[in-house]
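Next up, model_33.cif (mmCIF, C-alpha atoms):
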data_model
loop_
_atom_site.label_atom_id
_atom_site.label_comp_id
_atom_site.auth_asym_id
_atom_site.auth_seq_id
_atom_site.Cartn_x
_atom_site.Cartn_y
_atom_site.Cartn_z
CA MET A 1 2.16 -9.09 6.34
CA GLY A 2 4.03 -6.04 7.62
CA ARG A 3 6.55 -6.26 4.79
CA LEU A 4 4.20 -4.42 2.43
CA ILE A 5 3.77 -1.38 4.67
CA ALA A 6 7.49 -1.29 5.42
CA LEU A 7 8.34 -1.51 1.73
CA ILE A 8 6.02 1.31 0.69
CA LEU A 9 7.44 3.59 3.38
CA LEU A 10 10.95 2.76 2.18
CA LEU A 11 10.05 3.51 -1.44
CA ASN A 12 8.40 6.75 -0.38
CA THR A 13 11.64 7.82 1.31
CA ILE A 14 13.80 6.79 -1.66
CA SER A 15 11.65 8.74 -4.11
CA SER A 16 11.52 11.91 -2.02
CA PHE A 17 14.46 13.50 -3.83
CA GLY A 18 12.77 13.04 -7.20
CA TYR A 19 9.34 14.63 -6.99
CA SER A 20 8.24 16.02 -10.34
CA THR A 21 6.08 19.12 -10.66
CA GLU A 22 4.80 20.71 -13.83
CA SER A 23 7.37 23.51 -13.59
CA ASP A 24 10.18 20.97 -13.15
CA THR A 25 9.34 18.82 -16.18
CA LEU A 26 12.34 18.55 -18.50
CA ASN A 27 12.37 18.50 -22.31
CA GLU A 28 15.34 16.13 -22.43
CA VAL A 29 16.96 13.59 -20.18
CA ASN A 30 19.10 15.07 -17.42
CA SER A 31 21.96 12.57 -17.29
CA ARG A 32 23.07 13.63 -13.81
CA ARG A 33 19.62 13.10 -12.37
CA LEU A 34 19.15 9.81 -14.24
CA LYS A 35 22.48 8.47 -12.93
CA LEU A 36 21.48 9.52 -9.44
CA VAL A 37 18.13 7.75 -9.71
CA VAL A 38 19.59 4.57 -11.24
CA GLY A 39 22.39 4.48 -8.66
CA ALA A 40 20.15 5.14 -5.66
CA GLY A 41 17.48 2.76 -6.93
CA SER A 42 19.98 -0.04 -7.58
CA LEU A 43 21.56 0.42 -4.16
CA ALA A 44 18.17 0.44 -2.42
CA TYR A 45 16.94 -2.59 -4.38
CA THR A 46 20.08 -4.61 -3.71
CA GLY A 47 20.20 -3.63 -0.05
CA THR A 48 16.55 -4.47 0.46
CA MET A 49 16.83 -7.85 -1.25
CA VAL A 50 19.93 -8.75 0.77
CA GLY A 51 18.26 -7.55 3.96
CA LEU A 52 15.10 -9.53 3.32
CA GLY A 53 17.07 -12.65 2.43
CA THR A 54 19.21 -12.58 5.56
CA ILE A 55 16.92 -11.01 8.18
CA TRP A 56 13.25 -11.52 7.31
CA TYR A 57 13.39 -15.00 5.83
CA GLY A 58 14.58 -18.08 7.68
CA ASP A 59 15.75 -21.32 6.17
CA PHE A 60 15.15 -21.73 2.45
CA SER A 61 13.65 -24.82 0.84
CA LYS A 62 12.79 -26.09 -2.65
CA PHE A 63 10.77 -23.61 -4.71
CA HIS A 64 7.05 -24.23 -4.23
CA PHE A 65 3.66 -22.59 -4.76
CA PHE A 66 1.22 -21.59 -2.04
CA ASN A 67 -2.47 -20.69 -2.33
CA ASP A 68 -3.23 -18.05 0.30
CA ASN A 69 -5.91 -16.18 -1.62
CA ASP A 70 -8.57 -16.32 1.10
CA GLY A 71 -6.23 -15.84 4.05
CA TRP A 72 -6.85 -12.88 6.37
CA GLY A 73 -10.07 -11.98 4.60
CA TYR A 74 -8.20 -10.93 1.42
CA MET A 75 -6.44 -8.13 3.30
CA ASP A 76 -3.02 -9.34 2.16
CA LYS A 77 -4.03 -9.18 -1.50
CA ILE A 78 -5.40 -5.65 -1.13
CA GLY A 79 -2.12 -4.72 0.54
CA HIS A 80 -0.17 -5.99 -2.46
CA LEU A 81 -2.35 -3.94 -4.82
CA THR A 82 -1.91 -0.81 -2.70
CA THR A 83 1.86 -1.20 -2.47
CA ALA A 84 2.22 -1.76 -6.23
CA GLN A 85 0.17 1.33 -7.07
CA HIS A 86 2.07 3.67 -4.79
CA ALA A 87 5.47 2.29 -5.73
CA GLY A 88 4.45 2.91 -9.35
CA ARG A 89 3.45 6.49 -8.56
CA TYR A 90 6.84 7.16 -7.01
CA GLY A 91 8.59 5.50 -9.93
CA ILE A 92 6.75 7.63 -12.50
CA ASN A 93 7.34 10.88 -10.61
CA THR A 94 11.02 10.09 -10.20
CA LEU A 95 11.57 9.25 -13.88
CA ARG A 96 9.71 12.40 -14.91
CA TRP A 97 12.14 14.33 -12.71
CA THR A 98 15.02 12.92 -14.78
CA GLY A 99 13.42 14.00 -18.07
CA VAL A 100 12.73 10.48 -19.38
CA PRO A 101 10.10 10.66 -22.18
CA GLU A 102 6.58 10.57 -20.80
CA LYS A 103 5.41 7.17 -22.02
CA LYS A 104 8.65 5.52 -20.96
CA ALA A 105 8.35 7.16 -17.55
CA ILE A 106 4.80 5.83 -17.20
CA TRP A 107 5.50 2.27 -18.30
CA MET A 108 8.89 1.87 -16.65
CA GLY A 109 8.16 3.86 -13.49
CA GLY A 110 4.68 2.40 -13.13
CA SER A 111 6.13 -1.11 -13.17
CA VAL A 112 8.51 -0.47 -10.25
CA GLY A 113 6.13 -1.98 -7.70
CA LEU A 114 5.43 -5.04 -9.85
CA VAL A 115 9.16 -5.74 -10.32
CA PHE A 116 9.99 -5.08 -6.68
CA LEU A 117 7.19 -7.21 -5.26
CA THR A 118 7.77 -10.02 -7.76
CA SER A 119 11.33 -10.23 -6.45
CA VAL A 120 9.97 -10.50 -2.91
CA GLU A 121 7.56 -13.19 -4.10
CA MET A 122 10.50 -15.24 -5.38
CA PHE A 123 11.87 -15.21 -1.83
CA ASP A 124 8.48 -16.46 -0.64
CA GLY A 125 8.67 -19.29 -3.16
CA PHE A 126 11.86 -20.60 -1.57
CA SER A 127 10.76 -19.98 2.02
CA LYS A 128 9.60 -22.80 4.29
CA ASP A 129 7.11 -20.48 5.98
CA TRP A 130 5.45 -19.19 2.80
CA GLY A 131 5.40 -20.02 -0.91
CA PHE A 132 5.08 -18.39 -4.32
CA SER A 133 1.54 -17.02 -4.48
CA PRO A 134 -0.08 -16.50 -7.92
CA GLY A 135 -2.72 -14.43 -6.10
CA ASP A 136 -0.04 -12.03 -4.90
CA ILE A 137 1.31 -11.67 -8.45
CA LEU A 138 -2.20 -10.96 -9.74
CA ALA A 139 -2.73 -8.29 -7.04
CA ASN A 140 0.68 -6.74 -7.84
CA THR A 141 -0.24 -6.63 -11.54
CA ILE A 142 -3.60 -4.99 -10.84
CA GLY A 143 -1.91 -2.35 -8.68
CA ALA A 144 0.64 -1.58 -11.40
CA GLY A 145 -2.16 -1.53 -13.97
CA MET A 146 -4.08 1.00 -11.86
CA VAL A 147 -1.24 3.50 -11.82
CA ILE A 148 -0.22 3.01 -15.47
CA GLY A 149 -3.79 3.02 -16.78
CA GLN A 150 -4.75 6.21 -14.97
CA GLU A 151 -1.65 8.03 -16.18
CA LEU A 152 -2.34 7.00 -19.78
CA LEU A 153 -6.04 7.84 -19.53
CA TRP A 154 -6.08 10.95 -17.32
CA LYS A 155 -2.41 11.92 -16.79
CA ASP A 156 -3.35 11.81 -13.10
CA GLN A 157 -4.18 9.44 -10.25
CA LEU A 158 -7.86 10.07 -9.61
CA ILE A 159 -8.43 6.73 -7.85
CA LEU A 160 -5.97 6.12 -5.01
CA SER A 161 -5.60 3.04 -2.83
CA LYS A 162 -4.89 4.09 0.75
CA TRP A 163 -4.16 2.62 4.19
CA SER A 164 -5.01 3.50 7.79
CA TYR A 165 -4.59 1.90 11.20
CA SER A 166 -6.20 1.89 14.63
CA LYS A 167 -5.34 -0.39 17.55
CA SER A 168 -7.33 -3.63 17.75
CA PRO A 169 -7.91 -5.85 20.82
CA TYR A 170 -6.79 -9.10 19.15
CA ALA A 171 -3.00 -8.85 19.02
CA ARG A 172 -2.65 -9.54 22.75
CA TYR A 173 -4.12 -13.02 22.27
CA ARG A 174 -1.55 -14.00 19.64
CA PRO A 175 1.41 -11.61 19.98
CA GLU A 176 3.83 -13.94 18.21
CA LEU A 177 1.88 -13.39 14.97
CA LEU A 178 0.01 -10.11 15.39
CA GLY A 179 2.71 -8.18 17.28
CA SER A 180 3.89 -8.02 20.87
CA ASN A 181 4.12 -4.22 21.08
CA ALA A 182 2.74 -1.09 19.44
CA SER A 183 5.58 -0.77 16.93
CA GLU A 184 4.91 -4.30 15.63
CA ARG A 185 1.13 -4.30 15.72
CA TRP A 186 0.55 -1.52 13.19
CA LEU A 187 2.58 -3.60 10.72
CA LYS A 188 1.31 -7.08 11.59
CA ASP A 189 -2.25 -6.89 12.90
CA TYR A 190 -4.66 -6.89 9.97
CA ASN A 191 -7.58 -6.34 12.38
CA GLY A 192 -6.29 -2.82 12.97
CA GLN A 193 -5.66 -1.99 9.31
CA THR A 194 -8.13 -0.56 6.81
CA TYR A 195 -7.58 -0.34 3.06
CA TRP A 196 -9.39 2.30 1.02
CA LEU A 197 -10.21 3.28 -2.55
CA SER A 198 -10.26 7.07 -2.58
CA VAL A 199 -11.95 8.70 -5.60
CA ASN A 200 -11.63 12.33 -6.67
CA VAL A 201 -15.06 13.98 -6.39
CA LYS A 202 -14.59 16.94 -8.73
CA LYS A 203 -13.20 15.05 -11.73
CA LEU A 204 -15.00 11.72 -11.49
CA ILE A 205 -18.28 12.23 -9.59
CA LEU A 206 -19.81 15.73 -9.49
CA LYS A 207 -17.70 17.52 -12.13
CA ASN A 208 -18.70 20.82 -10.58
CA GLN A 209 -16.33 23.80 -10.53
CA SER A 210 -17.38 24.74 -7.00
CA VAL A 211 -16.14 21.42 -5.58
CA PRO A 212 -12.59 21.63 -4.15
CA LYS A 213 -10.22 19.71 -6.39
CA TRP A 214 -8.62 18.05 -3.34
CA LEU A 215 -11.91 16.52 -2.09
CA ASN A 216 -12.19 12.73 -2.37
CA ILE A 217 -14.72 10.15 -1.24
CA ALA A 218 -13.27 6.88 0.05
CA VAL A 219 -14.68 3.36 0.40
CA GLY A 220 -12.85 1.22 2.96
CA TYR A 221 -12.58 -2.43 4.00
CA SER A 222 -11.16 -4.08 7.11
CA ILE A 223 -11.59 -7.28 9.12
CA GLU A 224 -12.56 -8.09 12.70
CA GLY A 225 -11.95 -11.10 14.91
CA TYR A 226 -9.06 -12.68 12.97
CA THR A 227 -6.36 -14.36 15.05
CA GLY A 228 -5.32 -16.71 12.22
CA ALA A 229 -5.17 -16.57 8.43
CA ASN A 230 -7.79 -19.18 7.49
CA ARG A 231 -9.15 -20.09 10.91
CA ASN A 232 -8.73 -18.96 14.49
CA PRO A 233 -6.62 -21.27 16.68
CA THR A 234 -7.78 -22.24 20.15
CA GLU A 235 -4.45 -21.35 21.77
CA ASN A 236 -1.30 -19.35 20.99
CA SER A 237 2.32 -20.55 20.80
CA ALA A 238 2.69 -20.20 24.58
CA GLY A 239 -0.23 -22.59 25.14
CA GLU A 240 -2.53 -19.83 26.37
CA PRO A 241 -6.21 -20.18 25.37
CA ILE A 242 -7.63 -17.78 22.79
CA PRO A 243 -11.31 -16.79 23.12
CA GLU A 244 -13.61 -17.64 20.25
CA PHE A 245 -14.16 -14.61 18.02
CA ARG A 246 -16.55 -14.17 15.12
CA ARG A 247 -14.68 -13.37 11.90
CA TYR A 248 -16.30 -10.80 9.63
CA GLY A 249 -15.60 -7.87 7.31
CA GLN A 250 -16.29 -4.19 7.86
CA PHE A 251 -17.11 -1.69 5.12
CA TYR A 252 -16.79 2.09 5.35
CA ILE A 253 -17.49 5.26 3.43
CA SER A 254 -15.84 8.53 4.41
CA PRO A 255 -14.63 11.80 2.87
CA ASP A 256 -10.92 12.06 2.18
CA ILE A 257 -8.24 14.45 0.93
CA ASP A 258 -6.05 14.13 -2.15
CA TRP A 259 -2.99 15.96 -0.83
CA SER A 260 -1.39 16.23 -4.27
CA LYS A 261 -4.23 18.54 -5.37
CA ILE A 262 -3.36 21.18 -2.76
CA ASP A 263 -1.52 24.05 -4.43
CA THR A 264 1.97 24.84 -3.18
CA ASN A 265 4.99 26.46 -4.79
CA SER A 266 7.44 24.40 -2.75
CA ALA A 267 8.95 21.22 -4.22
CA PHE A 268 9.72 20.08 -0.68
CA LEU A 269 6.10 20.50 0.44
CA ASN A 270 4.92 18.77 -2.75
CA THR A 271 7.04 15.78 -1.79
CA ILE A 272 5.66 15.68 1.75
CA LEU A 273 2.05 16.02 0.57
CA ASP A 274 2.48 13.38 -2.12
CA GLY A 275 3.81 10.95 0.49
CA LEU A 276 0.72 11.58 2.63
CA ASN A 277 -1.47 10.22 -0.17
CA PHE A 278 -0.65 6.70 1.00
CA LEU A 279 -2.61 7.42 4.20
CA LYS A 280 -6.37 7.86 4.55
CA MET A 281 -7.19 11.08 6.40
CA PRO A 282 -9.04 10.38 9.70
CA LEU A 283 -12.51 11.91 9.15
CA PRO A 284 -16.15 11.13 10.02
CA GLY A 285 -17.80 8.24 8.19
CA VAL A 286 -20.27 5.39 8.13
CA GLU A 287 -19.59 1.68 8.72
CA TYR A 288 -21.57 -1.41 7.80
CA ASN A 289 -20.97 -4.95 9.08
CA VAL A 290 -23.14 -8.05 9.50
CA VAL A 291 -22.95 -7.95 13.31
CA ASP A 292 -23.78 -4.32 14.12
CA GLY A 293 -25.39 -3.18 10.88
CA TRP A 294 -24.92 0.53 10.11
CA ARG A 295 -22.84 2.66 12.48
CA PHE A 296 -21.73 6.29 12.35
CA HIS A 297 -18.19 7.19 13.47
CA LEU A 298 -17.11 10.69 14.37
CA ILE A 299 -13.61 9.69 13.27
CA ILE A 300 -12.58 6.65 11.21
CA PHE A 301 -8.95 5.62 11.09
#

Rewrite the structure of this file - the entire thing - as structure tokens.
Amino acid sequence: MGRLIALILLLNTISSFGYSTESDTLNEVNSRRLKLVVGAGSLAYTGTMVGLGTIWYGDFSKFHFFNDNDGWGYMDKIGHLTTAQHAGRYGINTLRWTGVPEKKAIWMGGSVGLVFLTSVEMFDGFSKDWGFSPGDILANTIGAGMVIGQELLWKDQLILSKWSYSKSPYARYRPELLGSNASERWLKDYNGQTYWLSVNVKKLILKNQSVPKWLNIAVGYSIEGYTGANRNPTENSAGEPIPEFRRYGQFYISPDIDWSKIDTNSAFLNTILDGLNFLKMPLPGVEYNVVDGWRFHLIIF
């Protein structure tokens, strides 16, 4: 589960040298930049695949399929969509920086996440612990379609998938799966993660000139009470009993910030702000769930 967050942070770092701004758009391909991008991308892709194959995955088995569509309250599938969209954003920006023609940059760059995650899915197909998931491929395709479709329609990303995290109380009951320390739990514990769809208010909702162009409204989803993918076990791998928890979803609405819409004349700051668009800004909001009903939060992570 934590592979998706780790991969998107890696891709964000790789793409940081290639942020494209309007003033930096080229009329023809810059061969030096293109060679740099192809070389760095190939090295990162190969290194990541080798690393995943030798470190993350254990013994390999015969290729097989695995239906995990309803596991973890669909959080894994939303994570695939989010990763594919942001990897596509970075791919498009980077190819624009090289001067690749616009439509090629959109289609090729926007497919980076789909290609990357499909490669990871092939590893899953040969893994004893997982399997090739058609649901993952569908989520990857939707995420790539989101980034490509918006660029073709609006030449902008007005609907952003985002991620946030706050500590949950469940990891301590099953640390072998949900994380045994803070550095593992933000990657592994779905109970602490929230995925968002953040929509630009000015261009898609109010269309009013007085609305700040960086203002978004976000709808979020997370889960509560999950200590297993499809059901909660009664004990962990150490034989310790796990309390019975009710499993349910949580829904949120909260204002947000589109950092790429904040004006700056610095390419370096543009890169930093664009990377922040993977994260939902902690702000006040409203939650609904079937246990507590409606709740107001001064800050939602």

Taking only residues of range 135-182 of chain A that have an atom at most 9 Å from an atom of range 209-221 of chain A, what is each one's shortest atom pair and its distance in Å to one decimal, using only C-alpha atoms, in chain and number order, as JSON lines?
{"residue": "A:Leu158", "atom": "CA", "partner": "A:Asn216", "partner_atom": "CA", "distance": 8.8}
{"residue": "A:Ile159", "atom": "CA", "partner": "A:Asn216", "partner_atom": "CA", "distance": 9.0}
{"residue": "A:Leu160", "atom": "CA", "partner": "A:Ala218", "partner_atom": "CA", "distance": 8.9}
{"residue": "A:Lys162", "atom": "CA", "partner": "A:Gly220", "partner_atom": "CA", "distance": 8.7}
{"residue": "A:Trp163", "atom": "CA", "partner": "A:Gly220", "partner_atom": "CA", "distance": 8.9}

Selection under test: the PyMOL selection byres ((chain A and resi 299) around 7); residues as a PyMOL selection string: chain A and resi 282-285+297-298+300-301

Explicit residue set for the PyMOL selection byres ((chain A and resi 125) around 9), as a list in words: Phe60, Ser61, Lys62, Phe63, His64, Phe65, Phe66, Val120, Glu121, Met122, Phe123, Asp124, Phe126, Ser127, Lys128, Trp130, Gly131, Phe132 and Ser133 of chain A

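With only C-alpha atoms as the atoms that count, the minimum distance from Tyr195 in chain A to the choices A:Asn93, A:Thr83, A:Ser119, A:Ser111 is reached by A:Thr83.
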
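Proximity ranking of A:Arg295, A:Trp259, A:Ala144, A:Gly179 relative to Ile272 in chain A places A:Trp259 first, based on all atoms listed in the file.
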
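Using all atoms listed in the file for every distance, the candidate list A:Ser180, A:Ser164, A:Asn208, A:Gln193 yields A:Gln193 as the residue closest to Glu224 in chain A.
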
Could range 129-149 of chain A be completed with N, CA and C atoms and returned as a PDB file, in the coordinates of the input?
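Saved the output as result_23.pdb:
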ATOM      1  N   ASP A 129       8.284 -21.031   5.302  1.00  0.00           N
ATOM      2  CA  ASP A 129       7.110 -20.480   5.980  1.00  0.00           C
ATOM      3  C   ASP A 129       6.035 -20.004   5.016  1.00  0.00           C
ATOM      4  N   TRP A 130       6.423 -19.693   3.773  1.00  0.00           N
ATOM      5  CA  TRP A 130       5.450 -19.190   2.800  1.00  0.00           C
ATOM      6  C   TRP A 130       5.544 -20.015   1.525  1.00  0.00           C
ATOM      7  N   GLY A 131       5.304 -19.394   0.394  1.00  0.00           N
ATOM      8  CA  GLY A 131       5.400 -20.020  -0.910  1.00  0.00           C
ATOM      9  C   GLY A 131       5.067 -18.999  -1.969  1.00  0.00           C
ATOM     10  N   PHE A 132       5.368 -19.312  -3.211  1.00  0.00           N
ATOM     11  CA  PHE A 132       5.080 -18.390  -4.320  1.00  0.00           C
ATOM     12  C   PHE A 132       3.575 -18.362  -4.540  1.00  0.00           C
ATOM     13  N   SER A 133       2.986 -17.167  -4.411  1.00  0.00           N
ATOM     14  CA  SER A 133       1.540 -17.020  -4.480  1.00  0.00           C
ATOM     15  C   SER A 133       1.104 -16.369  -5.787  1.00  0.00           C
ATOM     16  N   PRO A 134       0.454 -17.115  -6.699  1.00  0.00           N
ATOM     17  CA  PRO A 134      -0.080 -16.500  -7.920  1.00  0.00           C
ATOM     18  C   PRO A 134      -1.073 -15.374  -7.611  1.00  0.00           C
ATOM     19  N   GLY A 135      -1.792 -15.493  -6.491  1.00  0.00           N
ATOM     20  CA  GLY A 135      -2.720 -14.430  -6.100  1.00  0.00           C
ATOM     21  C   GLY A 135      -2.009 -13.134  -5.791  1.00  0.00           C
ATOM     22  N   ASP A 136      -0.829 -13.226  -5.166  1.00  0.00           N
ATOM     23  CA  ASP A 136      -0.040 -12.030  -4.900  1.00  0.00           C
ATOM     24  C   ASP A 136       0.409 -11.380  -6.206  1.00  0.00           C
ATOM     25  N   ILE A 137       0.864 -12.202  -7.163  1.00  0.00           N
ATOM     26  CA  ILE A 137       1.310 -11.670  -8.450  1.00  0.00           C
ATOM     27  C   ILE A 137       0.160 -10.975  -9.174  1.00  0.00           C
ATOM     28  N   LEU A 138      -1.037 -11.574  -9.110  1.00  0.00           N
ATOM     29  CA  LEU A 138      -2.200 -10.960  -9.740  1.00  0.00           C
ATOM     30  C   LEU A 138      -2.501  -9.607  -9.085  1.00  0.00           C
ATOM     31  N   ALA A 139      -2.469  -9.550  -7.745  1.00  0.00           N
ATOM     32  CA  ALA A 139      -2.730  -8.290  -7.040  1.00  0.00           C
ATOM     33  C   ALA A 139      -1.660  -7.244  -7.381  1.00  0.00           C
ATOM     34  N   ASN A 140      -0.396  -7.665  -7.460  1.00  0.00           N
ATOM     35  CA  ASN A 140       0.680  -6.740  -7.840  1.00  0.00           C
ATOM     36  C   ASN A 140       0.441  -6.181  -9.237  1.00  0.00           C
ATOM     37  N   THR A 141      -0.005  -7.045 -10.152  1.00  0.00           N
ATOM     38  CA  THR A 141      -0.240  -6.630 -11.540  1.00  0.00           C
ATOM     39  C   THR A 141      -1.407  -5.648 -11.620  1.00  0.00           C
ATOM     40  N   ILE A 142      -2.461  -5.912 -10.857  1.00  0.00           N
ATOM     41  CA  ILE A 142      -3.600  -4.990 -10.840  1.00  0.00           C
ATOM     42  C   ILE A 142      -3.184  -3.633 -10.305  1.00  0.00           C
ATOM     43  N   GLY A 143      -2.378  -3.620  -9.238  1.00  0.00           N
ATOM     44  CA  GLY A 143      -1.910  -2.350  -8.680  1.00  0.00           C
ATOM     45  C   GLY A 143      -1.075  -1.567  -9.672  1.00  0.00           C
ATOM     46  N   ALA A 144      -0.161  -2.254 -10.374  1.00  0.00           N
ATOM     47  CA  ALA A 144       0.640  -1.580 -11.400  1.00  0.00           C
ATOM     48  C   ALA A 144      -0.245  -1.104 -12.540  1.00  0.00           C
ATOM     49  N   GLY A 145      -1.241  -1.927 -12.921  1.00  0.00           N
ATOM     50  CA  GLY A 145      -2.160  -1.530 -13.970  1.00  0.00           C
ATOM     51  C   GLY A 145      -2.986  -0.301 -13.596  1.00  0.00           C
ATOM     52  N   MET A 146      -3.320  -0.173 -12.317  1.00  0.00           N
ATOM     53  CA  MET A 146      -4.080   1.000 -11.860  1.00  0.00           C
ATOM     54  C   MET A 146      -3.296   2.285 -12.079  1.00  0.00           C
ATOM     55  N   VAL A 147      -2.031   2.273 -11.699  1.00  0.00           N
ATOM     56  CA  VAL A 147      -1.240   3.500 -11.820  1.00  0.00           C
ATOM     57  C   VAL A 147      -0.919   3.810 -13.273  1.00  0.00           C
ATOM     58  N   ILE A 148      -0.553   2.789 -14.061  1.00  0.00           N
ATOM     59  CA  ILE A 148      -0.220   3.010 -15.470  1.00  0.00           C
ATOM     60  C   ILE A 148      -1.459   3.420 -16.256  1.00  0.00           C
ATOM     61  N   GLY A 149      -2.570   2.718 -16.048  1.00  0.00           N
ATOM     62  CA  GLY A 149      -3.790   3.020 -16.780  1.00  0.00           C
ATOM     63  C   GLY A 149      -4.302   4.423 -16.531  1.00  0.00           C
TER      64      GLY A 149
END
